[in-house]
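Here the structure comes first, spelled out in structure tokens, and everything after it is commentary.
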Amino acid sequence: MSKQAPLATELEAREVAEAAREEQWERRSFSKRLFDGRLALDLIHPHPEPDPEEEKRAAPFLEELYAFARDHIDGDAIDRDGWVPDEVLKGLAELGAFGIKIPREYGGLGLSQVSYNRALSIVASRCSATGAFLSAHQSIGVPGPLLMFGTDEQKKRLLPRLATGALSAFALTEPDAGSDPANLSTAATLSDDGDHWVLNGEKLWCTNGPRADIIIVMARTPAREGVRGKRPVTAFIVETDSPGVTVVHTSSFMGLKGLSNGVLRFENVKVPKENLLWGEGKGLKLALITLNVGRLSLPAFCSAAAKASLEICREWSNERVQWGQPIGRHEAISQMLGSMAADTFAMDSVVSLTSSMADTKQFDIRLEAAFAKMWNSEKAWETANDALQIRAGRGYETHDSLEARGEKPYPVERMVRDLRINLIFEGSSEIMRLFIAREAVDDHLRVAGDLIDPRASTGRRVAALFKAALHYAWWFPTRFLGWGHWPRFSEFGPLATHLRFIDRNARKLARSTFYTMVRFGPSLDKRQAVLGRIVDVGAELFVMTAACVRAHQLTRKNPSDTSPTTLADLFCRQARRRVEDRFDNLFDNDDAATNVVARQTMEGRFAWLEEGIVSVREGYSKG
């Protein structure tokens, strides 16, 4: 392999990230307006309804998939063996599960995002690793980008194969390039005769990669006139049976033991020029646009896991008797169980709303998808952790051990291990917060960006000052104006008070975002803890809205059932406390003191704390 190139500077990394962003908001965005201080409830209420004809077509497939998952997918055996059997993947392909969203004209089922998420939930409820095969194949693998950016020839040539069982993957991450793509080193150069590209490099943690037939590979291509960026990244469709493609290593993880994931190497791989996807230099933008919808699968996995946790704990809380009564009647457990039920309803509401929004094709859901991925993954982890605590020793004990001694072998221990990766997959929680924060301040940066840009000239700053003064003279007062009190939203009954809270606090969120920009100026991007609190407020307000709208939809269909309202009410009560806490700590916090200790820790000031153990450098270092 060639010598490692110097890592990108901070400025270069920012330039690459900015170049990959979608610059325009061509469709409506509920969450964009939320950050601007507006509760645009009319965008999502009434809750978007599925197409009856599509639901009718999806029903038999989902029934068959349910039966197949119940009878043929053994998550515990897959976890034990570290392998999803070929017959399982073949059976899923025969059902059409490899082409759920691929149009029927290309041999797929042509179903909606709602039906796709239902299918993933069914499979993942039996085995998260098997669900990951389907998700990595369709959510971020070749079919999604190909449908959005492929040529007619590419679609006709590849989609029928992908719909009927050819497994796909997406290869972006490298040892020095994860959330920061500026350090990408895999490169492709056009052959002298212009007939093909020559690909060289190595990709890390490529899900499905070791067993995939077709993959999308992100690679550097030469900078030239007409191609944006000094370090352009381009997407290529690569057949894994091409000479020079090798699986160097298959990785093993804490959870998702059956996951096919590893290191792929490309040595002088000839990629036909017709396999370049979309255009030179558009690879990172392709990846981000694909993820806007692709991220919606992980929230569905998380919601499914929360439902399983709730089922296990509901049963156990009634069965297990301690101190003369079922443990669920002890307040220490009932507090966890009640919150678990409310949070599961909220997770399910987020999945229902975001997937329905995606199906309408009328929204820009980049913020909603990021919220869903971040919030559901974190809440599912908390829920599973509580499930383990409620099950106690039986939660910590493995399935096989429980089964061997005649206990119900509920796989809580496996569930906890499997769920942890969701806070990292497809953008870690920390990166999601930065991504959301950047999009949240987009309008402010358009107006006053030069004021906080350290590279801006004096002339640009003066011009931006006048522009900002005119804009905020109108904008700022309007973020105090609005009616967020009774009787607004009365049609929501007991939930109306929560929507009024959302309405008032959306304006407060917009003002707080503005205060943050003014207070920190050019160093705003360094204040990630503050930005994280702003994002957390936006996320809670979005999820609260989703829960209220979903509860209203369900109650309207079945007026005698008040349980959705009960769950939404409890969730919103608890979310309101979290929102108030984030606002209270926005500027009054311990961030500075924590940062000082962190820097001193890196400098070794507290190395004495590490004494008394066998050093990891001695016990685990390579060599």
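Going through the structure tokens in order, the chains are called A, B, and so on, while each chain numbers its residues from 1 and the ligands are numbered from 1 in the order shown.
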
Once DSSP has gone over the backbone, tell me which residues of segment 269-388 of chain A are in helix (DSSP H, G or I), as a PDB file with C-alpha atoms, in the first residue's frame.
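Contents of part-v7.pdb, as written:
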ATOM      1  CA  LYS A 273     -16.680   3.861 -16.577  1.00  0.00           C
ATOM      2  CA  GLU A 274     -20.430   3.173 -16.777  1.00  0.00           C
ATOM      3  CA  ASN A 275     -20.292   2.176 -13.093  1.00  0.00           C
ATOM      4  CA  GLY A 283     -19.999  10.992  -3.788  1.00  0.00           C
ATOM      5  CA  LEU A 284     -20.293  12.562  -0.342  1.00  0.00           C
ATOM      6  CA  LYS A 285     -23.417  14.491  -1.258  1.00  0.00           C
ATOM      7  CA  LEU A 286     -24.880  11.232  -2.602  1.00  0.00           C
ATOM      8  CA  ALA A 287     -24.097   9.562   0.712  1.00  0.00           C
ATOM      9  CA  LEU A 288     -25.736  12.295   2.793  1.00  0.00           C
ATOM     10  CA  ILE A 289     -28.857  12.431   0.642  1.00  0.00           C
ATOM     11  CA  THR A 290     -29.145   8.645   0.756  1.00  0.00           C
ATOM     12  CA  LEU A 291     -28.888   8.712   4.540  1.00  0.00           C
ATOM     13  CA  ASN A 292     -31.774  11.175   4.832  1.00  0.00           C
ATOM     14  CA  VAL A 293     -34.111   8.252   4.196  1.00  0.00           C
ATOM     15  CA  GLY A 294     -31.669   5.429   4.915  1.00  0.00           C
ATOM     16  CA  SER A 297     -34.460   1.902   9.384  1.00  0.00           C
ATOM     17  CA  LEU A 298     -32.493   2.106  12.642  1.00  0.00           C
ATOM     18  CA  PRO A 299     -35.332   3.885  14.487  1.00  0.00           C
ATOM     19  CA  ALA A 300     -37.606   1.020  13.410  1.00  0.00           C
ATOM     20  CA  PHE A 301     -35.145  -1.537  14.824  1.00  0.00           C
ATOM     21  CA  CYS A 302     -35.035   0.441  18.054  1.00  0.00           C
ATOM     22  CA  SER A 303     -38.805   0.649  18.323  1.00  0.00           C
ATOM     23  CA  ALA A 304     -39.063  -3.108  17.776  1.00  0.00           C
ATOM     24  CA  ALA A 305     -36.511  -3.759  20.536  1.00  0.00           C
ATOM     25  CA  ALA A 306     -38.401  -1.464  22.905  1.00  0.00           C
ATOM     26  CA  LYS A 307     -41.615  -3.388  22.216  1.00  0.00           C
ATOM     27  CA  ALA A 308     -39.867  -6.658  23.012  1.00  0.00           C
ATOM     28  CA  SER A 309     -38.436  -5.174  26.216  1.00  0.00           C
ATOM     29  CA  LEU A 310     -41.892  -3.980  27.226  1.00  0.00           C
ATOM     30  CA  GLU A 311     -43.480  -7.377  26.569  1.00  0.00           C
ATOM     31  CA  ILE A 312     -40.835  -9.202  28.616  1.00  0.00           C
ATOM     32  CA  CYS A 313     -41.037  -6.745  31.516  1.00  0.00           C
ATOM     33  CA  ARG A 314     -44.838  -6.595  31.578  1.00  0.00           C
ATOM     34  CA  GLU A 315     -44.971 -10.367  31.952  1.00  0.00           C
ATOM     35  CA  TRP A 316     -42.139 -10.561  34.476  1.00  0.00           C
ATOM     36  CA  SER A 317     -43.496  -7.686  36.586  1.00  0.00           C
ATOM     37  CA  ASN A 318     -46.671  -9.695  37.120  1.00  0.00           C
ATOM     38  CA  GLU A 319     -45.059 -13.121  37.569  1.00  0.00           C
ATOM     39  CA  ILE A 327     -42.468  -6.610  41.643  1.00  0.00           C
ATOM     40  CA  GLY A 328     -44.343  -4.339  39.222  1.00  0.00           C
ATOM     41  CA  ARG A 329     -46.325  -3.028  42.200  1.00  0.00           C
ATOM     42  CA  GLU A 331     -42.672   1.788  42.960  1.00  0.00           C
ATOM     43  CA  ALA A 332     -38.984   1.348  42.124  1.00  0.00           C
ATOM     44  CA  ILE A 333     -40.014  -1.039  39.317  1.00  0.00           C
ATOM     45  CA  SER A 334     -43.287   0.641  38.371  1.00  0.00           C
ATOM     46  CA  GLN A 335     -41.447   3.896  37.631  1.00  0.00           C
ATOM     47  CA  MET A 336     -39.237   2.086  35.129  1.00  0.00           C
ATOM     48  CA  LEU A 337     -42.152   0.155  33.642  1.00  0.00           C
ATOM     49  CA  GLY A 338     -44.362   3.222  33.206  1.00  0.00           C
ATOM     50  CA  SER A 339     -41.591   5.214  31.533  1.00  0.00           C
ATOM     51  CA  MET A 340     -40.766   2.221  29.353  1.00  0.00           C
ATOM     52  CA  ALA A 341     -44.360   2.067  28.060  1.00  0.00           C
ATOM     53  CA  ALA A 342     -44.500   5.828  27.396  1.00  0.00           C
ATOM     54  CA  ASP A 343     -41.105   5.887  25.668  1.00  0.00           C
ATOM     55  CA  THR A 344     -42.002   2.873  23.519  1.00  0.00           C
ATOM     56  CA  PHE A 345     -45.135   4.669  22.351  1.00  0.00           C
ATOM     57  CA  ALA A 346     -43.024   7.729  21.533  1.00  0.00           C
ATOM     58  CA  MET A 347     -40.477   5.657  19.593  1.00  0.00           C
ATOM     59  CA  ASP A 348     -43.250   3.983  17.641  1.00  0.00           C
ATOM     60  CA  SER A 349     -44.809   7.392  16.937  1.00  0.00           C
ATOM     61  CA  VAL A 350     -41.506   8.725  15.603  1.00  0.00           C
ATOM     62  CA  VAL A 351     -41.155   5.746  13.246  1.00  0.00           C
ATOM     63  CA  SER A 352     -44.771   6.079  12.088  1.00  0.00           C
ATOM     64  CA  LEU A 353     -44.502   9.818  11.434  1.00  0.00           C
ATOM     65  CA  THR A 354     -41.082   9.922   9.771  1.00  0.00           C
ATOM     66  CA  SER A 355     -41.745   6.961   7.489  1.00  0.00           C
ATOM     67  CA  SER A 356     -45.140   8.416   6.516  1.00  0.00           C
ATOM     68  CA  MET A 357     -43.490  11.767   5.784  1.00  0.00           C
ATOM     69  CA  ALA A 358     -40.934  10.012   3.599  1.00  0.00           C
ATOM     70  CA  ASP A 359     -43.692   8.268   1.650  1.00  0.00           C
ATOM     71  CA  THR A 360     -45.471  11.519   0.787  1.00  0.00           C
ATOM     72  CA  ARG A 366     -33.002  15.435   6.793  1.00  0.00           C
ATOM     73  CA  LEU A 367     -33.664  16.813  10.306  1.00  0.00           C
ATOM     74  CA  GLU A 368     -36.516  14.434  11.102  1.00  0.00           C
ATOM     75  CA  ALA A 369     -34.440  11.419  10.038  1.00  0.00           C
ATOM     76  CA  ALA A 370     -31.513  12.583  12.164  1.00  0.00           C
ATOM     77  CA  PHE A 371     -33.790  13.200  15.148  1.00  0.00           C
ATOM     78  CA  ALA A 372     -35.351   9.769  14.741  1.00  0.00           C
ATOM     79  CA  LYS A 373     -32.011   8.009  14.500  1.00  0.00           C
ATOM     80  CA  MET A 374     -30.461   9.855  17.444  1.00  0.00           C
ATOM     81  CA  TRP A 375     -33.449   9.866  19.813  1.00  0.00           C
ATOM     82  CA  ASN A 376     -34.738   6.348  19.180  1.00  0.00           C
ATOM     83  CA  SER A 377     -31.299   4.765  19.430  1.00  0.00           C
ATOM     84  CA  GLU A 378     -30.625   6.442  22.762  1.00  0.00           C
ATOM     85  CA  LYS A 379     -34.066   5.680  24.201  1.00  0.00           C
ATOM     86  CA  ALA A 380     -33.979   2.053  23.041  1.00  0.00           C
ATOM     87  CA  TRP A 381     -30.644   1.605  24.804  1.00  0.00           C
ATOM     88  CA  GLU A 382     -32.108   3.064  28.018  1.00  0.00           C
ATOM     89  CA  THR A 383     -35.191   0.870  27.683  1.00  0.00           C
ATOM     90  CA  ALA A 384     -33.185  -2.323  27.195  1.00  0.00           C
ATOM     91  CA  ASN A 385     -30.961  -1.398  30.108  1.00  0.00           C
ATOM     92  CA  ASP A 386     -34.053  -0.983  32.297  1.00  0.00           C
ATOM     93  CA  ALA A 387     -35.364  -4.320  31.019  1.00  0.00           C
ATOM     94  CA  LEU A 388     -32.128  -5.972  32.113  1.00  0.00           C
TER      95      LEU A 388
END

Q.
Can you tell me, as a PyMOL selection string, which residues in segment 105-266 of chain A count as strand (DSSP E) by DSSP?
A. chain A and resi 168-171+187-190+196-207+214-220+233-239+245-250+261-266

(Q) List as a PyMOL selection string the protein and nucleic acid residues near Arg556 of chain A, meaning an atom at most 12 Å away when only C-alpha atoms are counted, but skip any in the same chain fewer than 6 places from it. (A) chain A and resi 46-47+491-493+549-550+562+564-565

Q: Show which residues sit within 12 Å of Ser29 of chain A, as a PyMOL selection string. Count only C-alpha atoms, and ignore same-chain residues fewer than 6 positions away.
A: chain A and resi 35-36+38-44+354+357-358+361-369+439-440+542

Q. Counting only C-alpha atoms, what is within 9 Å of segment 51-65 of chain A, bar same-chain residues fewer than 6 positions away, as a list in words?
A. Leu92, Leu95, Gly96, Ala97, Leu109, Gly110, Leu111, Ser112, Ser115, Arg118, Ala119, Ile122 and Val123 of chain A

Just-selected residues, N, CA and C atoms written as an mmCIF file, in the first residue's frame:
data_model
loop_
_atom_site.group_PDB
_atom_site.id
_atom_site.type_symbol
_atom_site.label_atom_id
_atom_site.label_comp_id
_atom_site.auth_asym_id
_atom_site.auth_seq_id
_atom_site.Cartn_x
_atom_site.Cartn_y
_atom_site.Cartn_z
ATOM 1 N N LEU A 92 -35.346 -15.275 2.616
ATOM 2 C CA LEU A 92 -35.776 -13.877 2.604
ATOM 3 C C LEU A 92 -35.818 -13.331 1.182
ATOM 4 N N LEU A 95 -38.866 -14.484 -0.661
ATOM 5 C CA LEU A 95 -40.070 -13.761 -0.246
ATOM 6 C C LEU A 95 -40.155 -12.372 -0.864
ATOM 7 N N GLY A 96 -39.034 -11.875 -1.365
ATOM 8 C CA GLY A 96 -38.996 -10.522 -1.920
ATOM 9 C C GLY A 96 -38.412 -9.504 -0.966
ATOM 10 N N ALA A 97 -37.863 -9.965 0.174
ATOM 11 C CA ALA A 97 -37.387 -9.048 1.206
ATOM 12 C C ALA A 97 -36.127 -8.288 0.810
ATOM 13 N N LEU A 109 -40.755 -5.387 -4.902
ATOM 14 C CA LEU A 109 -42.132 -5.356 -4.406
ATOM 15 C C LEU A 109 -42.756 -3.974 -4.539
ATOM 16 N N GLY A 110 -41.930 -2.943 -4.631
ATOM 17 C CA GLY A 110 -42.445 -1.593 -4.811
ATOM 18 C C GLY A 110 -43.286 -1.111 -3.640
ATOM 19 N N LEU A 111 -42.887 -1.446 -2.416
ATOM 20 C CA LEU A 111 -43.667 -1.063 -1.246
ATOM 21 C C LEU A 111 -43.129 0.235 -0.634
ATOM 22 N N SER A 112 -43.873 0.747 0.318
ATOM 23 C CA SER A 112 -43.587 2.049 0.916
ATOM 24 C C SER A 112 -42.543 1.963 2.018
ATOM 25 N N SER A 115 -44.193 0.224 5.031
ATOM 26 C CA SER A 115 -44.189 -1.236 4.931
ATOM 27 C C SER A 115 -42.776 -1.789 5.103
ATOM 28 N N ARG A 118 -41.997 -1.845 8.726
ATOM 29 C CA ARG A 118 -42.722 -2.941 9.376
ATOM 30 C C ARG A 118 -42.012 -4.270 9.132
ATOM 31 N N ALA A 119 -41.528 -4.448 7.918
ATOM 32 C CA ALA A 119 -40.810 -5.687 7.588
ATOM 33 C C ALA A 119 -39.517 -5.800 8.393
ATOM 34 N N ILE A 122 -40.194 -6.796 11.970
ATOM 35 C CA ILE A 122 -40.517 -8.216 12.124
ATOM 36 C C ILE A 122 -39.243 -9.044 12.168
ATOM 37 N N VAL A 123 -38.356 -8.828 11.213
ATOM 38 C CA VAL A 123 -37.111 -9.609 11.150
ATOM 39 C C VAL A 123 -36.212 -9.305 12.340
#

Within 10 Å of segment 400-407 of chain A, which residues of segment 19-104 of chain A come that close, and what is the closest atom pair and distance in Å for each? Count only C-alpha atoms and give it as a tab-separated table.
residue	atom	partner	partner_atom	distance
A:Asp76	CA	A:Asp400	CA	8.0
A:Ala77	CA	A:Asp400	CA	9.2
A:Arg80	CA	A:Asp400	CA	9.0

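Around Ile102 of chain A, within 8 Å and counting only C-alpha atoms, the residues found are Gly99, Tyr106, Gly107, Gly108, Leu109, Gly110, Leu111, Pro143, Leu147, Leu159 and Ala163 of chain A, once anything fewer than 3 positions away on its own chain is removed.
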
Could you write out that same residue set with C-alpha atoms as a PDB file, in the first residue's frame?
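Saved file again_9.pdb follows:
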ATOM      1  CA  GLY A  99     -36.350  -5.678  -2.933  1.00  0.00           C
ATOM      2  CA  TYR A 106     -37.360  -3.863 -11.783  1.00  0.00           C
ATOM      3  CA  GLY A 107     -38.541  -7.030 -10.059  1.00  0.00           C
ATOM      4  CA  GLY A 108     -39.026  -5.603  -6.570  1.00  0.00           C
ATOM      5  CA  LEU A 109     -42.132  -5.356  -4.406  1.00  0.00           C
ATOM      6  CA  GLY A 110     -42.445  -1.593  -4.811  1.00  0.00           C
ATOM      7  CA  LEU A 111     -43.667  -1.063  -1.246  1.00  0.00           C
ATOM      8  CA  PRO A 143     -30.590   0.052  -4.331  1.00  0.00           C
ATOM      9  CA  LEU A 147     -32.830   4.595  -7.584  1.00  0.00           C
ATOM     10  CA  LEU A 159     -31.875  -3.503  -9.804  1.00  0.00           C
ATOM     11  CA  ALA A 163     -34.240  -7.308  -5.858  1.00  0.00           C
TER      12      ALA A 163
END

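Using only C-alpha atoms, the contacts of segment 574-582 of chain A at a cut-off of 9 Å, with sequence neighbours closer than 6 positions omitted, comprise A:Ser339, A:His498, A:Phe501, A:Ile502, A:Asn505, A:Arg533, A:Ile534, A:Asp536, A:Val537, A:Gly538, A:Glu540, A:Leu541, A:Val543, A:Met544.
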
Q | Selected residue of minimal separation from Leu34 of chain A among A:Ala607, A:Leu509, A:Ile100, A:Ile237, counting only C-alpha atoms | A | A:Leu509

Q) What does the distance from atom CA of Leu256 of chain A to atom CA of Leu419 of chain A come to in Å, to one decimal? A)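 Atom-to-atom, atom CA of Leu256 of chain A and atom CA of Leu419 of chain A are spaced 8.4 Å apart.
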
Q. Between A:Arg104, A:Ser512, A:Gln24, A:Thr458, which one has atoms that come closest to Phe480 of chain A, using only C-alpha atoms?
A. A:Ser512

Q | Residue nearest Arg507 of chain A - candidates A:Pro411, A:Gly37, A:Phe466, A:Gln322, atoms counted: only C-alpha atoms | A |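 Closest to Arg507 of chain A, using only C-alpha atoms: A:Gly37.
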
Q.
Here is a test: counting only C-alpha atoms, which residue of A:Ala93, A:Ala132, A:Val217, A:Leu296 is nearest to Asn261 of chain A?
A. A:Ala132

Q: Record the distance separating atom CA of Leu134 of chain A and atom CA of His249 of chain A, expressed in Å with one decimal.
A: 21.6 Å

Q. Smallest atom-to-atom distance to Leu445 of chain A: which of A:Ala392, A:Ile140, A:Val518, A:Leu499, using only C-alpha atoms?
A.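 Checking each candidate against Leu445 of chain A, we get A:Val518 as the closest.
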
Q) Between A:Thr240, A:Gln325, A:Ser179, A:Thr246, which one has atoms that come closest to Glu430 of chain A, using only C-alpha atoms? A)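 So, comparing all the options, the nearest one is A:Ser179.
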